[in-house]
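Asker: Input: one structure, supplied below.
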Amino acid sequence: METCYHGTPMLFKKFDLAHALEGDGKNKFGLGTNITEVYTTAALYAHNKKRPECTDYYVYTVEVPDLNEDNHLSYTKPVHPSIIKRTEKALGEQIPDEVIAVAKYFRRYVGNKLIGKRGTLKQLKEKADIDAERAASKFFSEIGLEYYVWPQAWSNPDGPTNRVVLNIDKIRIVRIDKVELDKKFKYVEGSKREVPLDSF
């Protein structure tokens with residue numbers, strides 16, 4: 001297991017995918033629960049632009065499965081051969097080379113195929129609605145994937161990661177901190193105060 005972080009203006013004791021789109025409402029990186037390896041990034045996401053009335057900010061420290069080469073899709077990188085093999089076996093069809101070259105296309109293509117969407121290869125790989133994203137997350141979790149992954153900073157593609165966790169049952173909350181953010185919604189160093197899990 002490894003340690004990551006999740007930022008939110010809400011207090012809760014368990015993650016719930018029913019709230020998955022209540023942050024910025026987007027699913028650019030796939031449907032699931034967003035976490036990051038960087039505490040200050042989680043703090044930044046504790047501010048919800050859609051809910052300006054929420055002025056309490058929390059960072060959850062969580063334990064999640066270790067990241068390894070064949071348990072995730074890395075947004076702009078090629079898909080690992082074992083994931084391709086497992087996917088093709090489960091779907092009963094070969095995935096086009098153009099799709100497996102970039103994981104974001106692979107994710108969208110598979111989701112669209114799962115919900116029976118028809119269209120050109122370009123249409124199937126470049127856009128997926130919420131139903132396709134939901135189907136893809138469930139499917140990939142069932143064949144052993146834990147995450148969709150992208151760089152925490154695009155300027156450092158091999159550095160810390162941001163992730164979408166596909167199976168929320170794999171997330172264990174170990175600590176919650178209430179934090180302060182400055183006017184740009186960045187973490188105020190030294191402001192974190194632990195919220196005991198038995199206090200709410």
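We label chains A, B, ... in the order they appear in the structure tokens, count residues from 1 in each chain, and number ligands from 1 in the order shown.
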Could you pull the residues within 10 Å of A:Phe139, counting only C-alpha atoms, minus those fewer than 3 positions along the same chain, as a CSV table (one decimal) with N, CA, C and O atoms, in the first residue's frame?

Answerer:
chain,number,residue,atom,x,y,z
A,87,THR,N,-7.8,-7.1,-21.9
A,87,THR,CA,-8.9,-6.4,-22.5
A,87,THR,C,-9.5,-7.1,-23.7
A,87,THR,O,-10.7,-7.3,-23.8
A,90,ALA,N,-11.3,-10.3,-22.7
A,90,ALA,CA,-12.6,-10.0,-22.1
A,90,ALA,C,-13.6,-9.5,-23.1
A,90,ALA,O,-14.8,-9.8,-23.0
A,91,LEU,N,-13.2,-8.7,-24.1
A,91,LEU,CA,-14.1,-8.1,-25.1
A,91,LEU,C,-14.3,-9.1,-26.2
A,91,LEU,O,-15.3,-9.0,-27.0
A,110,VAL,N,-12.7,1.7,-25.4
A,110,VAL,CA,-13.3,0.5,-24.7
A,110,VAL,C,-14.7,0.9,-24.0
A,110,VAL,O,-15.6,0.2,-24.1
A,111,GLY,N,-14.7,2.1,-23.4
A,111,GLY,CA,-16.0,2.5,-22.8
A,111,GLY,C,-17.1,2.6,-23.9
A,111,GLY,O,-18.2,2.1,-23.6
A,114,LEU,N,-18.2,-0.8,-24.9
A,114,LEU,CA,-19.0,-1.5,-23.9
A,114,LEU,C,-20.5,-1.1,-23.9
A,114,LEU,O,-21.4,-1.9,-23.5
A,133,GLU,N,-17.8,6.3,-19.8
A,133,GLU,CA,-16.7,6.4,-18.8
A,133,GLU,C,-17.0,5.5,-17.6
A,133,GLU,O,-16.2,4.8,-17.0
A,134,ARG,N,-18.3,5.4,-17.2
A,134,ARG,CA,-18.7,4.6,-16.1
A,134,ARG,C,-18.5,3.1,-16.4
A,134,ARG,O,-18.0,2.3,-15.6
A,135,ALA,N,-18.9,2.7,-17.6
A,135,ALA,CA,-18.7,1.3,-18.1
A,135,ALA,C,-17.2,1.0,-18.2
A,135,ALA,O,-16.8,-0.1,-17.8
A,136,ALA,N,-16.4,1.9,-18.6
A,136,ALA,CA,-14.9,1.6,-18.7
A,136,ALA,C,-14.3,1.4,-17.4
A,136,ALA,O,-13.5,0.5,-17.1
A,142,GLU,N,-12.5,-4.6,-13.1
A,142,GLU,CA,-12.8,-6.0,-13.0
A,142,GLU,C,-11.7,-6.9,-13.6
A,142,GLU,O,-11.5,-8.0,-13.3
A,143,ILE,N,-10.9,-6.2,-14.5
A,143,ILE,CA,-9.7,-7.0,-15.1
A,143,ILE,C,-8.4,-6.7,-14.4
A,143,ILE,O,-7.3,-7.0,-14.9
A,144,GLY,N,-8.5,-6.0,-13.2
A,144,GLY,CA,-7.3,-5.8,-12.4
A,144,GLY,C,-6.6,-4.5,-12.4
A,144,GLY,O,-5.6,-4.3,-11.9
A,145,LEU,N,-7.2,-3.5,-13.1
A,145,LEU,CA,-6.6,-2.2,-13.0
A,145,LEU,C,-7.1,-1.4,-11.8
A,145,LEU,O,-8.2,-1.6,-11.3
A,166,LEU,N,-10.2,3.5,-9.5
A,166,LEU,CA,-11.4,2.9,-10.1
A,166,LEU,C,-12.3,2.2,-9.1
A,166,LEU,O,-13.5,2.1,-9.3

Asker: Which residues come within 10 Å of A:Lys14, counting only C-alpha atoms, excluding same-chain residues fewer than 4 positions away, as a list in words?

Answerer: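 Contacts, with the query itself left out: Ile168, Asp169, Ile171, Arg172 and Ile173 of chain A.
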
Asker: So that I have them on file, write out the residues from the current selection with C-alpha atoms, as an mmCIF file, in the first residue's frame.

Answerer:
data_model
loop_
_atom_site.group_PDB
_atom_site.id
_atom_site.type_symbol
_atom_site.label_atom_id
_atom_site.label_comp_id
_atom_site.auth_asym_id
_atom_site.auth_seq_id
_atom_site.Cartn_x
_atom_site.Cartn_y
_atom_site.Cartn_z
ATOM 1 C CA ILE A 168 -13.306 3.049 -4.038
ATOM 2 C CA ASP A 169 -13.339 -0.034 -1.807
ATOM 3 C CA ILE A 171 -9.216 3.378 -0.517
ATOM 4 C CA ARG A 172 -8.551 3.497 3.234
ATOM 5 C CA ILE A 173 -8.801 6.852 4.984
#

Asker: To one decimal place, how far is atom CA of A:Val179 from atom CA of A:Glu53 in Å?

Answerer: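 According to the coordinates, atom CA of A:Val179 and atom CA of A:Glu53 are separated by 16.2 Å.
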
Asker: Determine, counting only C-alpha atoms, which protein, DNA and RNA residues have an atom within 12 Å of an atom of A:Thr161; residues of the same chain fewer than 4 positions away are not included. Present the result as a PDB file with N, CA and C atoms, in the first residue's frame.

Answerer:
ATOM      1  N   THR A   3       0.780   5.845   0.192  1.00  0.00           N
ATOM      2  CA  THR A   3       0.030   6.984   0.701  1.00  0.00           C
ATOM      3  C   THR A   3      -0.205   8.022  -0.394  1.00  0.00           C
ATOM      4  N   CYS A   4      -1.451   8.480  -0.499  1.00  0.00           N
ATOM      5  CA  CYS A   4      -1.810   9.565  -1.400  1.00  0.00           C
ATOM      6  C   CYS A   4      -2.784  10.480  -0.669  1.00  0.00           C
ATOM      7  N   TYR A   5      -3.308  11.486  -1.402  1.00  0.00           N
ATOM      8  CA  TYR A   5      -4.134  12.511  -0.763  1.00  0.00           C
ATOM      9  C   TYR A   5      -5.334  12.873  -1.633  1.00  0.00           C
ATOM     10  N   ASN A  34     -10.613  10.986  -7.409  1.00  0.00           N
ATOM     11  CA  ASN A  34      -9.316  11.606  -7.682  1.00  0.00           C
ATOM     12  C   ASN A  34      -8.443  11.673  -6.439  1.00  0.00           C
ATOM     13  N   ILE A  35      -7.191  11.275  -6.585  1.00  0.00           N
ATOM     14  CA  ILE A  35      -6.194  11.394  -5.535  1.00  0.00           C
ATOM     15  C   ILE A  35      -4.899  11.895  -6.159  1.00  0.00           C
ATOM     16  N   THR A  36      -3.964  12.284  -5.313  1.00  0.00           N
ATOM     17  CA  THR A  36      -2.673  12.769  -5.787  1.00  0.00           C
ATOM     18  C   THR A  36      -1.580  12.348  -4.823  1.00  0.00           C
ATOM     19  N   GLU A  37      -0.374  12.286  -5.325  1.00  0.00           N
ATOM     20  CA  GLU A  37       0.765  11.990  -4.455  1.00  0.00           C
ATOM     21  C   GLU A  37       1.254  13.232  -3.709  1.00  0.00           C
ATOM     22  N   VAL A  38       0.727  14.402  -4.060  1.00  0.00           N
ATOM     23  CA  VAL A  38       1.245  15.660  -3.522  1.00  0.00           C
ATOM     24  C   VAL A  38       0.202  16.331  -2.624  1.00  0.00           C
ATOM     25  N   TYR A  39       0.556  16.512  -1.358  1.00  0.00           N
ATOM     26  CA  TYR A  39      -0.355  17.078  -0.364  1.00  0.00           C
ATOM     27  C   TYR A  39      -0.882  18.452  -0.794  1.00  0.00           C
ATOM     28  N   THR A  41      -1.231  19.716  -3.709  1.00  0.00           N
ATOM     29  CA  THR A  41      -2.164  19.606  -4.832  1.00  0.00           C
ATOM     30  C   THR A  41      -3.545  19.219  -4.325  1.00  0.00           C
ATOM     31  N   ALA A  42      -3.591  18.280  -3.386  1.00  0.00           N
ATOM     32  CA  ALA A  42      -4.873  17.896  -2.794  1.00  0.00           C
ATOM     33  C   ALA A  42      -5.530  19.102  -2.127  1.00  0.00           C
ATOM     34  N   LEU A  67       1.178   1.376  -7.074  1.00  0.00           N
ATOM     35  CA  LEU A  67       1.143   1.562  -8.520  1.00  0.00           C
ATOM     36  C   LEU A  67       2.200   0.662  -9.138  1.00  0.00           C
ATOM     37  N   HIS A  72      -2.522   0.114 -14.302  1.00  0.00           N
ATOM     38  CA  HIS A  72      -3.053   1.445 -14.561  1.00  0.00           C
ATOM     39  C   HIS A  72      -2.922   1.812 -16.037  1.00  0.00           C
ATOM     40  N   SER A  74      -1.863   5.114 -18.157  1.00  0.00           N
ATOM     41  CA  SER A  74      -1.187   6.398 -18.013  1.00  0.00           C
ATOM     42  C   SER A  74      -1.579   7.288 -19.189  1.00  0.00           C
ATOM     43  N   TYR A  75      -2.305   8.339 -18.905  1.00  0.00           N
ATOM     44  CA  TYR A  75      -3.051   9.185 -19.829  1.00  0.00           C
ATOM     45  C   TYR A  75      -2.517   9.267 -21.257  1.00  0.00           C
ATOM     46  N   TYR A 147      -6.012   2.135 -11.442  1.00  0.00           N
ATOM     47  CA  TYR A 147      -5.961   3.579 -11.666  1.00  0.00           C
ATOM     48  C   TYR A 147      -5.953   3.986 -13.134  1.00  0.00           C
ATOM     49  N   TYR A 148      -6.386   5.257 -13.336  1.00  0.00           N
ATOM     50  CA  TYR A 148      -5.981   6.056 -14.479  1.00  0.00           C
ATOM     51  C   TYR A 148      -4.991   7.065 -13.888  1.00  0.00           C
ATOM     52  N   VAL A 149      -3.893   7.332 -14.597  1.00  0.00           N
ATOM     53  CA  VAL A 149      -2.804   8.139 -14.032  1.00  0.00           C
ATOM     54  C   VAL A 149      -2.385   9.232 -15.013  1.00  0.00           C
ATOM     55  N   TRP A 150      -2.013  10.405 -14.471  1.00  0.00           N
ATOM     56  CA  TRP A 150      -1.418  11.471 -15.274  1.00  0.00           C
ATOM     57  C   TRP A 150      -0.442  12.234 -14.400  1.00  0.00           C
ATOM     58  N   PRO A 151       0.475  12.987 -14.979  1.00  0.00           N
ATOM     59  CA  PRO A 151       1.471  13.695 -14.163  1.00  0.00           C
ATOM     60  C   PRO A 151       0.837  14.758 -13.279  1.00  0.00           C
ATOM     61  N   GLN A 152       1.336  14.876 -12.065  1.00  0.00           N
ATOM     62  CA  GLN A 152       0.886  15.954 -11.177  1.00  0.00           C
ATOM     63  C   GLN A 152       1.284  17.299 -11.780  1.00  0.00           C
ATOM     64  N   ALA A 153       2.424  17.325 -12.465  1.00  0.00           N
ATOM     65  CA  ALA A 153       2.868  18.515 -13.203  1.00  0.00           C
ATOM     66  C   ALA A 153       3.286  18.063 -14.596  1.00  0.00           C
ATOM     67  N   TRP A 154       2.665  18.594 -15.614  1.00  0.00           N
ATOM     68  CA  TRP A 154       2.987  18.168 -16.984  1.00  0.00           C
ATOM     69  C   TRP A 154       4.432  18.495 -17.349  1.00  0.00           C
ATOM     70  N   SER A 155       5.017  19.468 -16.670  1.00  0.00           N
ATOM     71  CA  SER A 155       6.415  19.815 -16.916  1.00  0.00           C
ATOM     72  C   SER A 155       7.373  18.769 -16.350  1.00  0.00           C
ATOM     73  N   ASN A 156       6.850  17.857 -15.543  1.00  0.00           N
ATOM     74  CA  ASN A 156       7.647  16.788 -14.942  1.00  0.00           C
ATOM     75  C   ASN A 156       6.908  15.462 -15.122  1.00  0.00           C
ATOM     76  N   PRO A 157       6.851  14.953 -16.365  1.00  0.00           N
ATOM     77  CA  PRO A 157       6.015  13.786 -16.667  1.00  0.00           C
ATOM     78  C   PRO A 157       6.395  12.509 -15.938  1.00  0.00           C
TER      79      PRO A 157
END

Asker: If you run DSSP over the backbone, which residues in stretch 87-146 of chain A end up alpha helix (DSSP H)? Put them as a PyMOL selection string.

Answerer: chain A and resi 87-91+97-100+103-114+121-126+130-142

Asker: Would you please work out which residue, of A:Lys49, A:Arg108, A:His6, A:Lys186, is nearest to A:Thr61 when using only C-alpha atoms?

Answerer: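 Selected residue with least distance to A:Thr61: A:His6.
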
Asker: For A:Phe185, which residue among A:Asp56, A:Glu2, A:Asp158, A:Asp16 is the nearest when counting only C-alpha atoms?

Answerer: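 The answer is A:Asp56, which sits nearest to A:Phe185.
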
Asker: So how many Å separate atom CA of A:Gly7 and atom CA of A:Leu73, to one decimal?

Answerer: 22.2 Å

Asker: What are the closest atom pairs, with distances in Å to one decimal, for all residues of stretch 39-63 of chain A lying within 10 Å of stretch 193-199 of chain A? Consider only C-alpha atoms, order rows by chain and residue number, and present the result as JSON lines.

Answerer:
{"residue": "A:Tyr58", "atom": "CA", "partner": "A:Val195", "partner_atom": "CA", "distance": 8.9}
{"residue": "A:Val59", "atom": "CA", "partner": "A:Glu194", "partner_atom": "CA", "distance": 9.4}
{"residue": "A:Tyr60", "atom": "CA", "partner": "A:Val195", "partner_atom": "CA", "distance": 9.8}

Asker: Have a look at atom CA of A:Val165 and atom CA of A:Gly119 and let me know their distance in Å, one decimal.

Answerer: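 Computing the Euclidean distance for atom CA of A:Val165 and atom CA of A:Gly119 yields 28.7 Å.
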
Asker: Just checking: using only C-alpha atoms, which residue out of A:Leu124, A:Ile83, A:Val64, A:Ala132 ends up closest to A:Val174?

Answerer: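 Of A:Leu124, A:Ile83, A:Val64, A:Ala132, the one nearest A:Val174 is A:Val64, counting only C-alpha atoms.
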
Asker: Would you please extract all strand (DSSP E or B) residues from chain A, as assigned by DSSP on the backbone, and give them as a PyMOL selection string?

Answerer: chain A and resi 2-8+33-36+57-64+72-74+147-151+161-165+172-179+181+187+193-194

Asker: Residues near A:Glu88, anyone? I mean within 12 Å using only C-alpha atoms, not counting same-chain ones fewer than 2 positions away, as a ChimeraX atom specification.

Answerer: /A:81-86,90-96,100,106,110,113,139-140,143

Asker: How about saving the chosen residues, N, CA, C and O atoms kept, as a compact mmCIF listing (two decimals), in the first residue's frame?

Answerer:
# COMPACT_ATOMS: atom_id res chain seq x y z
N PRO A 81 1.27 -4.11 -22.57
CA PRO A 81 0.82 -5.31 -23.30
C PRO A 81 -0.10 -6.23 -22.52
O PRO A 81 -1.03 -6.81 -23.09
N SER A 82 0.13 -6.40 -21.21
CA SER A 82 -0.73 -7.31 -20.45
C SER A 82 -2.14 -6.76 -20.31
O SER A 82 -3.12 -7.52 -20.25
N ILE A 83 -2.28 -5.43 -20.27
CA ILE A 83 -3.62 -4.83 -20.20
C ILE A 83 -4.34 -5.01 -21.53
O ILE A 83 -5.53 -5.31 -21.56
N ILE A 84 -3.60 -4.86 -22.62
CA ILE A 84 -4.19 -5.08 -23.94
C ILE A 84 -4.69 -6.52 -24.04
O ILE A 84 -5.83 -6.78 -24.45
N LYS A 85 -3.87 -7.45 -23.63
CA LYS A 85 -4.22 -8.87 -23.70
C LYS A 85 -5.46 -9.17 -22.88
O LYS A 85 -6.38 -9.86 -23.34
N ARG A 86 -5.52 -8.66 -21.64
CA ARG A 86 -6.67 -8.91 -20.78
C ARG A 86 -7.94 -8.27 -21.34
O ARG A 86 -9.03 -8.84 -21.28
N ALA A 90 -11.31 -10.26 -22.67
CA ALA A 90 -12.62 -9.99 -22.08
C ALA A 90 -13.63 -9.50 -23.11
O ALA A 90 -14.82 -9.84 -23.04
N LEU A 91 -13.17 -8.68 -24.06
CA LEU A 91 -14.07 -8.14 -25.08
C LEU A 91 -14.30 -9.10 -26.25
O LEU A 91 -15.27 -8.97 -26.99
N GLY A 92 -13.36 -10.02 -26.44
CA GLY A 92 -13.46 -10.95 -27.55
C GLY A 92 -13.17 -10.33 -28.90
O GLY A 92 -13.68 -10.76 -29.93
N GLU A 93 -12.33 -9.29 -28.89
CA GLU A 93 -11.96 -8.64 -30.15
C GLU A 93 -10.59 -7.99 -30.02
O GLU A 93 -10.12 -7.71 -28.92
N GLN A 94 -9.96 -7.75 -31.18
CA GLN A 94 -8.67 -7.10 -31.20
C GLN A 94 -8.85 -5.59 -31.17
O GLN A 94 -9.73 -5.04 -31.85
N ILE A 95 -8.01 -4.92 -30.36
CA ILE A 95 -8.08 -3.47 -30.27
C ILE A 95 -7.16 -2.87 -31.33
O ILE A 95 -6.02 -3.28 -31.47
N PRO A 96 -7.64 -1.88 -32.09
CA PRO A 96 -6.80 -1.26 -33.14
C PRO A 96 -5.51 -0.65 -32.57
O PRO A 96 -5.51 -0.08 -31.48
N ILE A 100 -4.36 1.64 -28.97
CA ILE A 100 -3.49 1.21 -27.87
C ILE A 100 -2.22 2.06 -27.74
O ILE A 100 -1.52 1.99 -26.75
N PHE A 106 -7.55 4.61 -25.62
CA PHE A 106 -7.90 3.23 -25.28
C PHE A 106 -9.07 3.22 -24.31
O PHE A 106 -10.04 2.48 -24.49
N VAL A 110 -12.75 1.70 -25.37
CA VAL A 110 -13.31 0.55 -24.67
C VAL A 110 -14.66 0.91 -24.05
O VAL A 110 -15.63 0.15 -24.15
N LYS A 113 -17.28 1.03 -26.76
CA LYS A 113 -17.62 -0.32 -27.22
C LYS A 113 -18.53 -1.03 -26.22
O LYS A 113 -19.48 -1.71 -26.59
N PHE A 139 -15.30 -1.96 -16.01
CA PHE A 139 -14.62 -3.01 -16.77
C PHE A 139 -13.15 -3.12 -16.38
O PHE A 139 -12.65 -4.22 -16.09
N PHE A 140 -12.43 -2.00 -16.38
CA PHE A 140 -11.00 -2.05 -16.10
C PHE A 140 -10.72 -2.49 -14.66
O PHE A 140 -9.77 -3.22 -14.40
N ILE A 143 -10.86 -6.25 -14.53
CA ILE A 143 -9.73 -7.00 -15.10
C ILE A 143 -8.41 -6.65 -14.41
O ILE A 143 -7.33 -6.95 -14.92

Asker: With only C-alpha atoms as the basis for distance, which of A:Thr33, A:Glu180, A:Ala103, A:Gly159 is at the shortest distance from A:Val62?

Answerer: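 For A:Val62, the nearest of the given residues is A:Thr33.
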